[in-house]
Structure formats: structure tokens, C-alpha cells
>>> print(open('model.csv').read())   # CSV, C-alpha atoms and all ligand atoms
chain,number,residue,atom,x,y,z
N,1,MET,CA,-7.6,9.6,-41.2
N,2,ARG,CA,-4.7,11.0,-39.3
N,3,PRO,CA,-3.5,9.5,-36.0
N,4,THR,CA,-3.8,11.9,-33.1
N,5,ASN,CA,-0.7,10.9,-31.1
N,6,SER,CA,1.3,13.8,-32.5
N,7,PRO,CA,0.9,16.1,-35.5
N,8,THR,CA,3.7,14.5,-37.4
N,9,ARG,CA,4.2,11.0,-36.1
N,10,ILE,CA,2.2,8.2,-37.6
N,11,PHE,CA,1.4,4.8,-35.9
N,12,ASN,CA,4.4,2.5,-36.3
N,13,PHE,CA,3.6,-1.2,-36.2
N,14,SER,CA,7.1,-2.3,-37.2
N,15,SER,CA,8.3,-5.4,-35.4
N,16,GLY,CA,11.8,-4.1,-35.1
N,17,PRO,CA,13.4,-1.6,-34.8
N,18,ALA,CA,10.2,-0.4,-33.4
N,19,VAL,CA,8.3,2.4,-31.7
N,20,LEU,CA,9.7,4.1,-28.6
N,21,PRO,CA,7.8,6.1,-26.0
N,22,LEU,CA,7.2,9.6,-27.3
N,23,SER,CA,8.3,11.1,-24.0
N,24,VAL,CA,11.6,9.2,-24.2
N,25,LEU,CA,12.3,10.6,-27.7
N,26,GLU,CA,11.4,14.1,-26.5
N,27,GLU,CA,13.7,13.9,-23.6
N,28,ALA,CA,16.6,12.5,-25.7
N,29,GLN,CA,15.9,15.3,-28.2
N,30,ARG,CA,15.8,18.0,-25.6
N,31,ASP,CA,19.0,16.9,-24.0
N,32,LEU,CA,20.9,15.9,-27.1
N,33,LEU,CA,22.9,19.1,-27.4
N,34,ALA,CA,23.8,19.3,-23.8
N,35,LEU,CA,23.0,17.0,-20.9
N,36,PRO,CA,21.7,19.1,-18.0
N,37,GLY,CA,24.6,20.2,-15.8
N,38,VAL,CA,27.1,18.7,-18.2
N,39,GLY,CA,27.1,21.0,-21.2
N,40,MET,CA,28.0,18.2,-23.6
N,41,SER,CA,26.0,15.7,-25.5
N,42,VAL,CA,25.7,12.1,-24.3
N,43,VAL,CA,27.3,11.1,-27.6
N,44,GLU,CA,30.3,13.3,-27.0
N,45,ILE,CA,31.4,12.3,-23.5
N,46,SER,CA,33.7,9.6,-22.3
N,47,HIS,CA,32.2,6.3,-21.5
N,48,ARG,CA,34.3,6.3,-18.4
N,49,SER,CA,33.2,9.8,-17.2
N,50,PRO,CA,31.2,9.8,-14.0
N,51,THR,CA,28.2,11.1,-15.9
N,52,PHE,CA,28.1,8.2,-18.3
N,53,VAL,CA,28.9,5.6,-15.5
N,54,ASP,CA,25.9,7.0,-13.7
N,55,ILE,CA,23.7,6.7,-16.8
N,56,LEU,CA,24.8,3.1,-17.2
N,57,GLU,CA,24.4,2.1,-13.5
N,58,GLU,CA,21.0,3.8,-13.3
N,59,ALA,CA,19.8,1.8,-16.4
N,60,ALA,CA,21.1,-1.4,-14.9
N,61,ALA,CA,19.5,-0.6,-11.5
N,62,GLY,CA,16.2,0.1,-13.3
N,63,VAL,CA,16.3,-3.2,-15.0
N,64,ARG,CA,17.0,-5.0,-11.7
N,65,GLU,CA,14.1,-3.3,-10.0
N,66,LEU,CA,11.6,-4.0,-12.8
N,67,MET,CA,12.6,-7.6,-12.9
N,68,ASP,CA,13.1,-8.0,-9.2
N,69,ILE,CA,16.5,-9.7,-9.6
N,70,GLY,CA,19.0,-10.0,-6.9
N,71,PRO,CA,22.8,-9.6,-6.6
N,72,GLY,CA,23.6,-13.1,-8.0
N,73,TYR,CA,22.8,-11.8,-11.5
N,74,ALA,CA,24.9,-9.6,-13.7
N,75,VAL,CA,23.2,-7.0,-15.9
N,76,LEU,CA,25.2,-6.4,-19.0
N,77,PHE,CA,25.0,-4.0,-22.0
N,78,LEU,CA,26.7,-5.7,-24.9
N,79,GLN,CA,26.9,-5.3,-28.7
N,80,GLY,CA,26.4,-7.6,-31.6
N,81,GLY,CA,22.6,-8.0,-31.2
N,82,ALA,CA,20.7,-11.1,-30.1
N,83,SER,CA,22.5,-12.8,-33.0
N,84,LEU,CA,25.9,-12.7,-31.2
N,85,GLN,CA,24.2,-14.2,-28.2
N,86,PHE,CA,23.3,-17.2,-30.3
N,87,SER,CA,27.1,-17.8,-30.3
N,88,MET,CA,28.2,-16.4,-27.0
N,89,VAL,CA,25.7,-18.5,-25.0
N,90,PRO,CA,27.1,-21.9,-26.2
N,91,MET,CA,30.7,-20.6,-26.2
N,92,ASN,CA,30.4,-19.7,-22.5
N,93,LEU,CA,28.0,-22.3,-21.2
N,94,LEU,CA,28.2,-25.4,-23.4
N,95,THR,CA,31.1,-27.2,-21.8
N,96,ALA,CA,32.8,-30.1,-23.6
N,97,GLY,CA,31.0,-33.4,-23.1
N,98,ARG,CA,27.7,-31.9,-22.3
N,99,THR,CA,24.6,-31.3,-24.4
N,100,ALA,CA,22.4,-28.2,-24.6
N,101,ASP,CA,18.6,-28.6,-25.1
N,102,TYR,CA,16.9,-26.2,-27.5
N,103,VAL,CA,13.3,-25.7,-28.2
N,104,ASP,CA,12.6,-25.0,-31.8
N,105,THR,CA,9.7,-22.6,-32.1
N,106,GLY,CA,10.5,-20.6,-35.2
N,107,THR,CA,13.0,-18.8,-37.3
N,108,TRP,CA,15.0,-17.1,-34.5
N,109,ALA,CA,15.0,-20.3,-32.4
N,110,ARG,CA,16.4,-22.2,-35.4
N,111,ARG,CA,19.2,-19.6,-35.8
N,112,GLY,CA,20.1,-20.2,-32.2
N,113,ILE,CA,20.2,-23.9,-32.8
N,114,GLU,CA,22.4,-23.6,-35.9
N,115,GLU,CA,25.0,-21.4,-34.1
N,116,ALA,CA,25.0,-23.7,-31.0
N,117,ARG,CA,25.7,-26.7,-33.2
N,118,ARG,CA,28.9,-25.0,-34.4
N,119,VAL,CA,30.1,-25.0,-30.8
N,120,GLY,CA,28.9,-28.3,-29.3
N,121,ALA,CA,26.3,-30.9,-28.9
N,122,VAL,CA,22.7,-29.8,-29.3
N,123,HIS,CA,19.5,-31.7,-28.6
N,124,VAL,CA,16.2,-30.3,-30.0
N,125,ALA,CA,13.9,-31.0,-27.0
N,126,ALA,CA,10.8,-30.1,-29.0
N,127,SER,CA,9.9,-28.6,-32.3
N,128,THR,CA,6.6,-27.2,-33.7
N,129,ALA,CA,8.0,-27.0,-37.2
N,130,ASP,CA,5.4,-29.6,-38.4
N,131,ASP,CA,2.7,-27.2,-37.3
N,132,GLY,CA,4.2,-24.4,-39.2
N,133,TYR,CA,5.3,-22.9,-35.9
N,134,ALA,CA,1.7,-21.8,-35.2
N,135,ARG,CA,2.2,-22.7,-31.5
N,136,VAL,CA,4.7,-23.3,-28.8
N,137,PRO,CA,5.0,-26.8,-27.4
N,138,SER,CA,3.2,-27.9,-24.3
N,139,GLN,CA,5.2,-29.0,-21.2
N,140,ALA,CA,4.4,-32.6,-21.9
N,141,GLU,CA,6.1,-32.4,-25.4
N,142,LEU,CA,9.5,-31.4,-24.0
N,143,ARG,CA,12.0,-34.2,-24.2
N,144,LEU,CA,14.7,-32.8,-21.9
N,145,THR,CA,18.2,-34.3,-21.6
N,146,ALA,CA,19.2,-35.3,-18.1
N,147,GLY,CA,22.1,-33.1,-16.9
N,148,SER,CA,21.9,-30.8,-19.9
N,149,ALA,CA,24.2,-27.7,-19.9
N,150,TYR,CA,21.2,-25.5,-20.3
N,151,THR,CA,17.8,-25.3,-21.9
N,152,HIS,CA,17.2,-22.6,-24.5
N,153,ILE,CA,13.8,-21.1,-25.4
N,154,THR,CA,12.6,-18.1,-27.4
N,155,SER,CA,10.0,-16.5,-25.2
N,156,ASN,CA,8.3,-14.6,-28.1
N,157,ASN,CA,8.6,-15.7,-31.7
N,158,THR,CA,8.6,-12.3,-33.4
N,159,ILE,CA,8.1,-13.7,-37.0
N,160,GLU,CA,5.5,-16.3,-36.3
N,161,GLY,CA,3.5,-14.4,-33.7
N,162,THR,CA,3.6,-16.9,-30.9
N,163,GLN,CA,4.6,-16.5,-27.3
N,164,TRP,CA,5.1,-18.8,-24.2
N,165,SER,CA,2.3,-17.8,-21.8
N,166,GLY,CA,4.4,-19.1,-18.9
N,167,ILE,CA,7.9,-20.4,-18.2
N,168,PRO,CA,8.4,-24.1,-18.9
N,169,GLU,CA,9.6,-26.4,-16.2
N,170,VAL,CA,13.1,-27.6,-17.0
N,171,GLY,CA,14.3,-29.1,-13.7
N,172,ASP,CA,17.8,-28.2,-12.7
N,173,SER,CA,18.9,-27.2,-16.2
N,174,PRO,CA,19.6,-23.4,-16.3
N,175,LEU,CA,16.9,-21.8,-18.5
N,176,VAL,CA,18.4,-19.5,-21.2
N,177,VAL,CA,15.9,-17.2,-22.9
N,178,ASP,CA,16.0,-15.2,-26.0
N,179,ALA,CA,13.5,-12.5,-25.0
N,180,SER,CA,14.4,-10.0,-27.7
N,181,SER,CA,10.8,-9.2,-28.6
N,182,ASP,CA,9.1,-9.4,-25.2
N,183,ILE,CA,11.7,-8.3,-22.6
N,184,LEU,CA,10.1,-6.2,-19.9
N,185,SER,CA,6.6,-6.7,-21.2
N,186,ARG,CA,5.3,-8.7,-18.3
N,187,PRO,CA,6.3,-9.9,-14.8
N,188,LEU,CA,7.8,-13.4,-14.7
N,189,ASP,CA,9.7,-15.2,-12.0
N,190,PHE,CA,13.1,-14.2,-13.2
N,191,THR,CA,14.9,-16.2,-10.5
N,192,ARG,CA,14.0,-19.2,-12.6
N,193,PHE,CA,16.3,-18.0,-15.4
N,194,GLY,CA,20.0,-18.7,-15.9
N,195,LEU,CA,20.5,-16.2,-18.7
N,196,ILE,CA,18.2,-13.8,-20.5
N,197,TYR,CA,19.2,-11.8,-23.6
N,198,ALA,CA,17.5,-9.3,-25.8
N,199,GLY,CA,18.5,-7.0,-28.7
N,200,ALA,CA,17.2,-3.6,-27.5
N,201,GLN,CA,15.6,-2.6,-30.8
N,202,LYS,CA,12.1,-4.1,-30.1
N,203,ASN,CA,11.1,-3.2,-26.6
N,204,LEU,CA,14.0,-1.2,-25.0
N,205,GLY,CA,15.7,1.3,-27.2
N,206,PRO,CA,17.6,1.8,-30.4
N,207,ALA,CA,19.5,-1.0,-32.3
N,208,GLY,CA,23.1,-1.7,-31.3
N,209,VAL,CA,22.8,-2.5,-27.6
N,210,THR,CA,22.0,-6.0,-26.3
N,211,LEU,CA,20.8,-6.5,-22.7
N,212,VAL,CA,22.1,-9.7,-21.1
N,213,ILE,CA,21.2,-10.8,-17.6
N,214,VAL,CA,23.2,-13.8,-16.4
N,215,ARG,CA,23.4,-15.8,-13.2
N,216,GLU,CA,27.0,-15.3,-12.1
N,217,ASP,CA,27.7,-18.8,-11.0
N,218,LEU,CA,27.3,-20.0,-14.6
N,219,LEU,CA,30.2,-17.9,-15.8
N,220,GLU,CA,32.9,-20.1,-14.4
N,221,ARG,CA,32.2,-22.7,-17.1
N,222,ALA,CA,33.7,-20.6,-19.9
N,223,PRO,CA,37.0,-22.0,-21.3
N,224,ASP,CA,40.0,-19.9,-20.5
N,225,ASN,CA,41.0,-19.5,-24.2
N,226,LEU,CA,37.7,-17.8,-25.1
N,227,PRO,CA,38.4,-14.5,-26.9
N,228,ARG,CA,38.0,-11.8,-24.3
N,229,MET,CA,35.3,-9.9,-26.0
N,230,LEU,CA,33.2,-13.1,-26.2
N,231,ASP,CA,33.7,-14.0,-22.5
N,232,TYR,CA,30.9,-12.8,-20.3
N,233,ARG,CA,33.4,-12.6,-17.4
N,234,THR,CA,35.2,-9.8,-19.2
N,235,HIS,CA,32.1,-7.7,-19.3
N,236,THR,CA,30.9,-8.5,-15.7
N,237,ARG,CA,34.3,-7.6,-14.3
N,238,ALA,CA,34.4,-4.4,-16.3
N,239,ASN,CA,30.8,-3.4,-15.6
N,240,SER,CA,30.0,-3.4,-19.4
N,241,LEU,CA,32.9,-0.9,-19.9
N,242,TYR,CA,35.7,-3.3,-21.1
N,243,ASN,CA,35.6,-1.4,-24.4
N,244,THR,CA,33.5,1.5,-25.6
N,245,PRO,CA,29.9,0.4,-25.3
N,246,ASN,CA,27.0,1.8,-27.3
N,247,THR,CA,26.7,4.9,-25.1
N,248,PHE,CA,23.7,6.4,-26.8
N,249,GLY,CA,21.9,3.1,-26.9
N,250,ILE,CA,22.4,2.6,-23.2
N,251,TYR,CA,21.2,6.1,-22.5
N,252,VAL,CA,18.0,5.7,-24.4
N,253,LEU,CA,17.4,2.2,-22.9
N,254,GLY,CA,17.8,3.9,-19.5
N,255,LEU,CA,15.2,6.5,-20.3
N,256,THR,CA,12.8,3.7,-21.5
N,257,VAL,CA,13.4,1.8,-18.3
N,258,LYS,CA,12.6,4.9,-16.3
N,259,TRP,CA,9.4,5.3,-18.3
N,260,LEU,CA,8.4,1.7,-17.6
N,261,ARG,CA,8.9,2.3,-13.9
N,262,GLY,CA,6.8,5.5,-14.1
N,263,LEU,CA,3.9,3.4,-15.6
N,264,GLY,CA,3.9,1.4,-12.4
N,265,GLY,CA,6.2,-1.5,-13.3
N,266,LEU,CA,5.7,-4.7,-15.2
N,267,ASP,CA,2.2,-5.6,-13.8
N,268,ALA,CA,0.9,-2.3,-15.2
N,269,VAL,CA,2.8,-2.8,-18.5
N,270,ALA,CA,1.5,-6.4,-18.9
N,271,GLU,CA,-2.1,-5.2,-18.2
N,272,ALA,CA,-1.8,-2.6,-21.0
N,273,ASN,CA,-0.3,-5.1,-23.3
N,274,ARG,CA,-3.0,-7.7,-22.7
N,275,ARG,CA,-5.7,-5.0,-23.4
N,276,LYS,CA,-4.1,-3.8,-26.6
N,277,ALA,CA,-3.6,-7.3,-28.0
N,278,GLY,CA,-7.0,-8.5,-26.8
N,279,MET,CA,-8.7,-5.7,-28.7
N,280,LEU,CA,-6.9,-6.6,-31.9
N,281,TYR,CA,-7.5,-10.4,-31.6
N,282,ALA,CA,-11.1,-9.8,-31.0
N,283,GLU,CA,-11.4,-7.9,-34.2
N,284,ILE,CA,-9.5,-10.5,-36.1
N,285,ASP,CA,-11.9,-13.2,-34.8
N,286,ARG,CA,-15.0,-11.2,-35.4
N,287,THR,CA,-16.2,-12.2,-38.9
N,288,GLY,CA,-13.8,-14.6,-40.6
N,289,PHE,CA,-12.5,-12.0,-43.1
N,290,TYR,CA,-9.3,-11.9,-41.1
N,291,ARG,CA,-7.7,-15.0,-39.6
N,292,GLY,CA,-5.0,-15.2,-36.9
N,293,THR,CA,-2.1,-17.5,-37.8
N,294,ALA,CA,-1.1,-18.5,-34.3
N,295,GLU,CA,-3.1,-21.1,-32.3
N,296,THR,CA,-5.2,-19.4,-29.7
N,297,GLY,CA,-3.3,-20.6,-26.7
N,298,SER,CA,0.1,-19.5,-28.2
N,299,ARG,CA,-0.9,-16.1,-29.4
N,300,SER,CA,1.7,-13.4,-28.9
N,301,LEU,CA,0.8,-10.1,-27.2
N,302,MET,CA,3.7,-8.4,-28.9
N,303,ASN,CA,3.5,-9.5,-32.6
N,304,VAL,CA,0.0,-10.1,-33.8
N,305,THR,CA,0.2,-12.2,-37.1
N,306,PHE,CA,-2.9,-12.5,-39.3
N,307,ARG,CA,-4.1,-13.0,-42.8
N,308,ALA,CA,-6.8,-11.1,-44.8
N,309,GLY,CA,-9.3,-12.7,-47.2
N,310,GLY,CA,-10.0,-15.9,-45.1
N,311,ARG,CA,-7.0,-18.2,-45.5
N,312,GLY,CA,-4.9,-15.4,-46.9
N,313,ASP,CA,-5.0,-13.6,-50.2
N,314,ALA,CA,-1.6,-12.1,-51.0
N,315,ALA,CA,-2.9,-9.4,-53.4
N,316,LEU,CA,-5.5,-8.3,-50.9
N,317,GLU,CA,-2.9,-8.2,-48.2
N,318,LYS,CA,-0.7,-6.0,-50.4
N,319,ALA,CA,-3.5,-3.6,-50.8
N,320,PHE,CA,-4.2,-3.7,-47.1
N,321,VAL,CA,-0.6,-2.8,-46.3
N,322,SER,CA,-0.4,0.1,-48.7
N,323,GLU,CA,-3.8,1.5,-47.9
N,324,ALA,CA,-3.1,1.3,-44.2
N,325,ALA,CA,0.2,3.1,-44.8
N,326,ALA,CA,-1.6,5.9,-46.7
N,327,ALA,CA,-3.9,6.2,-43.6
N,328,GLY,CA,-0.9,6.6,-41.2
N,329,LEU,CA,-0.6,3.0,-40.1
N,330,SER,CA,2.9,1.9,-41.0
N,331,GLY,CA,4.8,-1.5,-41.0
N,332,LEU,CA,1.9,-3.9,-41.1
N,333,GLU,CA,3.4,-6.4,-43.6
N,334,GLY,CA,4.4,-9.8,-42.3
N,335,HIS,CA,8.0,-10.9,-42.2
N,336,ARG,CA,9.2,-11.5,-45.8
N,337,SER,CA,9.8,-15.2,-45.0
N,338,VAL,CA,6.1,-15.9,-44.0
N,339,GLY,CA,4.0,-13.1,-45.7
N,340,GLY,CA,0.6,-12.1,-44.4
N,341,LEU,CA,0.1,-9.3,-42.0
N,342,ARG,CA,1.8,-8.5,-38.6
N,343,ALA,CA,1.2,-5.8,-36.1
N,344,GLY,CA,4.0,-5.1,-33.6
N,345,LEU,CA,2.3,-4.0,-30.3
N,346,TYR,CA,5.4,-3.5,-28.1
N,347,ASN,CA,5.2,-1.7,-24.7
N,348,ALA,CA,5.6,1.8,-26.3
N,349,PHE,CA,2.8,1.2,-28.9
N,350,PRO,CA,-0.1,3.4,-27.9
N,351,GLU,CA,-3.6,2.0,-27.5
N,352,ALA,CA,-4.9,4.8,-29.8
N,353,GLY,CA,-3.0,3.1,-32.6
N,354,VAL,CA,-4.9,-0.2,-32.0
N,355,ASP,CA,-8.2,1.7,-32.2
N,356,ALA,CA,-7.0,3.3,-35.4
N,357,LEU,CA,-6.0,-0.1,-36.9
N,358,ILE,CA,-9.4,-1.7,-35.9
N,359,ASP,CA,-11.3,1.2,-37.6
N,360,PHE,CA,-9.2,0.7,-40.7
N,361,MET,CA,-9.7,-3.1,-40.7
N,362,ARG,CA,-13.5,-2.6,-40.5
N,363,GLU,CA,-13.5,-0.1,-43.3
N,364,PHE,CA,-11.2,-2.3,-45.4
N,365,GLU,CA,-13.5,-5.3,-44.9
N,366,ARG,CA,-16.6,-3.3,-45.8
N,367,ARG,CA,-15.0,-2.2,-49.1
N,368,ARG,CA,-13.2,-5.5,-50.0
N,369,GLY,CA,-14.9,-8.2,-48.0
N,401,LIG,C1,15.0,-9.7,-33.8
N,401,LIG,C2,15.3,-10.9,-33.1
N,401,LIG,C3,16.5,-11.5,-33.1
N,401,LIG,C4,17.7,-10.9,-33.9
N,401,LIG,O1,18.1,-9.8,-33.2
N,401,LIG,P1,19.4,-9.0,-33.7
N,401,LIG,O2,19.6,-8.0,-32.6
N,401,LIG,O3,19.1,-8.4,-35.0
N,401,LIG,O4,20.6,-9.9,-33.8
N,401,LIG,C5,16.7,-12.7,-32.4
N,401,LIG,N1,15.7,-13.2,-31.7
N,401,LIG,C6,14.5,-12.7,-31.6
N,401,LIG,C7,13.4,-13.4,-30.9
N,401,LIG,C8,14.2,-11.5,-32.3
N,401,LIG,O5,13.0,-11.0,-32.3
>>> encode(input="model.csv", output="C-alpha cells", more="lines below")
Ligand SMILES: *Cc1c(COP(=O)(O)O)cnc(C)c1O
Amino acid sequence: MRPTNSPTRIFNFSSGPAVLPLSVLEEAQRDLLALPGVGMSVVEISHRSPTFVDILEEAAAGVRELMDIGPGYAVLFLQGGASLQFSMVPMNLLTAGRTADYVDTGTWARRGIEEARRVGAVHVAASTADDGYARVPSQAELRLTAGSAYTHITSNNTIEGTQWSGIPEVGDSPLVVDASSDILSRPLDFTRFGLIYAGAQKNLGPAGVTLVIVREDLLERAPDNLPRMLDYRTHTRANSLYNTPNTFGIYVLGLTVKWLRGLGGLDAVAEANRRKAGMLYAEIDRTGFYRGTAETGSRSLMNVTFRAGGRGDAALEKAFVSEAAAAGLSGLEGHRSVGGLRAGLYNAFPEAGVDALIDFMREFERRRG
């Protein structure tokens, strides 16, 4: 069984770095030796050249349009991944004497908490650790601190396969969101966020560029002795060109954003994502041979986590992963920390790949069930 999306490309279910739109890769490949009208590669030109500044500004404008965010927000392209944001967020926003609220919904959320604790006072407003992170908390479970510096959530828990279906209510506290694995996958009221960050390598482009969107009035909190590279103000003032940014990453991210706009924006993207994930969850629920690991109301549309052999049979799952790979379905193993199976269904993942996985699952169940 060979996937039909291209003669040589297989279906890539990796949860990160992850699949990119074929048309984006084709455009990047076509123009790699010489950008049209420039005669040089995007990886050879100055980051301060008008050509590159246009590429960067167009990428930022595309993000603004997709998210419908106004001039009070800065759109930044930084480095260091989401992991550096675990530190930069508290270093800039967690002022002395205040407390930041964090919601603990999994491995990445915990990493954020650990880094914030190195900077200042952290209160865990809710945790689903006792439920094995199989769900995100309800609004009623949040124990928010009055006057907190900000409230941090992880909108999609990449490893555990859970996702907030809506934005929690946090009062006047600025909401800070690690959206690394569901950025630009659905429309939300982005005016309710204080800061959103995402490593690009799941839904936006190659590894090495981090998208940060921040409400500018929050930036004045940063202490004056903050190292310049770690101060958001350095990057807002310099339009993400304080030092040499990841030029190629920003270029590909810009192409991806253009592709998303061409699909019809985030409503259309969300519709496709709901359909893809819905098909796969329906198959998981069909007979009991497979079992979803996330509670139904918290299921992620981006990372579908499941077990095979009822409650999970590691040897059977190992066979599933290798036989699927042989059939052109790559990257279906769960994160090494939790095991099981996981299908990354990011924006660029084609629906034909979900069809192919479902066919494979049925065939595997017939043989091994
Ligand atoms: C992948 C991921 C991270 C880590 O991202 P890096 O860019 O590797 O630092 C953080 N948070 C979430 C939700 C992720 O999915």
C-alpha cells in the first residue's frame, strides 16, 4: 500500500518536526537557488536587505490577518524554541512580589512551571497529574490567584493528546499560552491573550524559529537589567532584526501562512482539522481493539493518542508501528515518556493520510485482533 500524495513522499504522522504543505516545500525548492527577481537564495541574502525585510513583514502581516489581531500586539520571530519562552515569559512578565498562575496539564506545562520557579513565585492553579493528564481541567477547577502576574496554559498537550476546547476565563490576569502544537489550527478570540508563543516546527515551518505574539503594554514590566537578547522590548523595537534571525525559517513560515490564507483562513483550517481527527477517533472507538488515551471532552485534534490491544499491549504496538512504517505511514509511536501510539494531524497533514491510516488499522485488527 503506497500513499498517493506524491510518488516519493510517505505519510508523516510525526508530532514534531512535522509535515509541511507539499506546495510550500515545492515553492521553497523551486526558489532555493534564486528568489525571483533577486538572483540569490533566501539563505544567502542579508537579513537587513529590503527583500528579506519584505519576507519578514509579509509573514508577520499574514499572522496578524489570520488571527485578526490589532496594532496593540507585537508579532516576533525569535530563536531558542518554545523552551526559551519557558524562561523569557517569567523573566519579562513575572515582576518581583507577584505570583504567576500555571495550569499543569502535562510534560510541557510542567517544564514551563519548572523554569518559571527559577525566576519567581509560581502557583499551580490546577493540575490533572492525578488523572495521568488524560484531560484538561474544567473552569471550576481553576484556583486562580487574585492579582496574578499572568496565567499560563498549554493549549494543546502534544505528548498526552489533550487540548483545551475553548479559552478559560481568567479575569484580569493576562493569559499566556504555549500554543506550540496548535497555533493557527483554529479561530479563537486572540484579543483575550496577553502572550502566545509557539516553536514553529509543528504547525508553521522548520525548527529554529519561534513565533511570539505579545500585547505591547505588558512589556514595560521587564526589569532594566535583563540581558538584551532575553528582553522582548529589544525584539519589538528592532522588528525581530536585533541580531540575525532564522531567515530560512521565517521564509518558510511565511509561505505556510500564505498557504493557510489560501485555504480560506482559520475557519476553513479548523473545519478540515475537525474532520480529520473526527474520522480517526471514530475508528479508534469502533470496536474496543483500539482505545483513545484522552478523555472524550479533552481530545486533541492535533495529536491523537491511542493504545492497541485494549488497554495497551506494548509488543503489539511495536508491531503496529513497524508494520505501519513499512506501509508508508511514518511516525506513529507515542512519545518515549508515555508509550502507546500517536498520530500527529497538524494543519498540513492530508486527509488522504487519515484514510490510509484507518485502512491500515482495520487490516491490522483483522490480523491481530
Ligand atoms: C514541542 C513543544 C515544546 C518544546 O518546543 P521546543 O521548540 O523544542 O523548545 C513546548 N511546548 C509544547 C506544547 C510543545 O509541543
>>> residues_around(input="model.csv", residues="Phe190 in chain N", least_positions_apart="6", cutoff="9 Å", atoms="all atoms listed in the file", output="PDB file with C-alpha atoms, in the frame of the given file")
ATOM      1  CA  MET N  67      12.600  -7.600 -12.900  1.00  0.00           C
ATOM      2  CA  ASP N  68      13.100  -8.000  -9.200  1.00  0.00           C
ATOM      3  CA  ILE N  69      16.500  -9.700  -9.600  1.00  0.00           C
ATOM      4  CA  ILE N 196      18.200 -13.800 -20.500  1.00  0.00           C
TER       5      ILE N 196
END
>>> residues_near_ligand(input="model.csv", ligand="ligand LIG 401 (chain N)", cutoff="6 Å", atoms="all atoms listed in the file", output="PyMOL selection string")
chain N and resi 81-83+108+154+156-158+178-181+199
>>> closest_atom_pairs(input="model.csv", of="range 241-265 of chain N", to="range 213-231 of chain N", cutoff="12 Å", atoms="only C-alpha atoms", output="tab-separated table")
residue	atom	partner	partner_atom	distance
N:Leu241	CA	N:Met229	CA	11.1
N:Tyr242	CA	N:Met229	CA	8.2
N:Asn243	CA	N:Met229	CA	8.7
N:Thr244	CA	N:Met229	CA	11.5
N:Pro245	CA	N:Met229	CA	11.7
>>> residues_near_point(input="model.csv", point="(21.4, -1.6, -18.3)", cutoff="7 Å", atoms="only C-alpha atoms", output="NGL selection string")
:N and (56-57 or 59-60 or 63 or 75-77 or 211 or 250 or 254)
>>> closest_residue(input="model.csv", among="N:Asp31, N:Glu363, N:Glu160, N:Glu323", to="Met302 in chain N", atoms="all atoms listed in the file")
N:Glu160
>>> closest_residue(input="model.csv", among="N:Arg237, N:Lys258, N:Arg307, N:Lys276", to="Gly344 in chain N", atoms="all atoms listed in the file")
N:Lys276
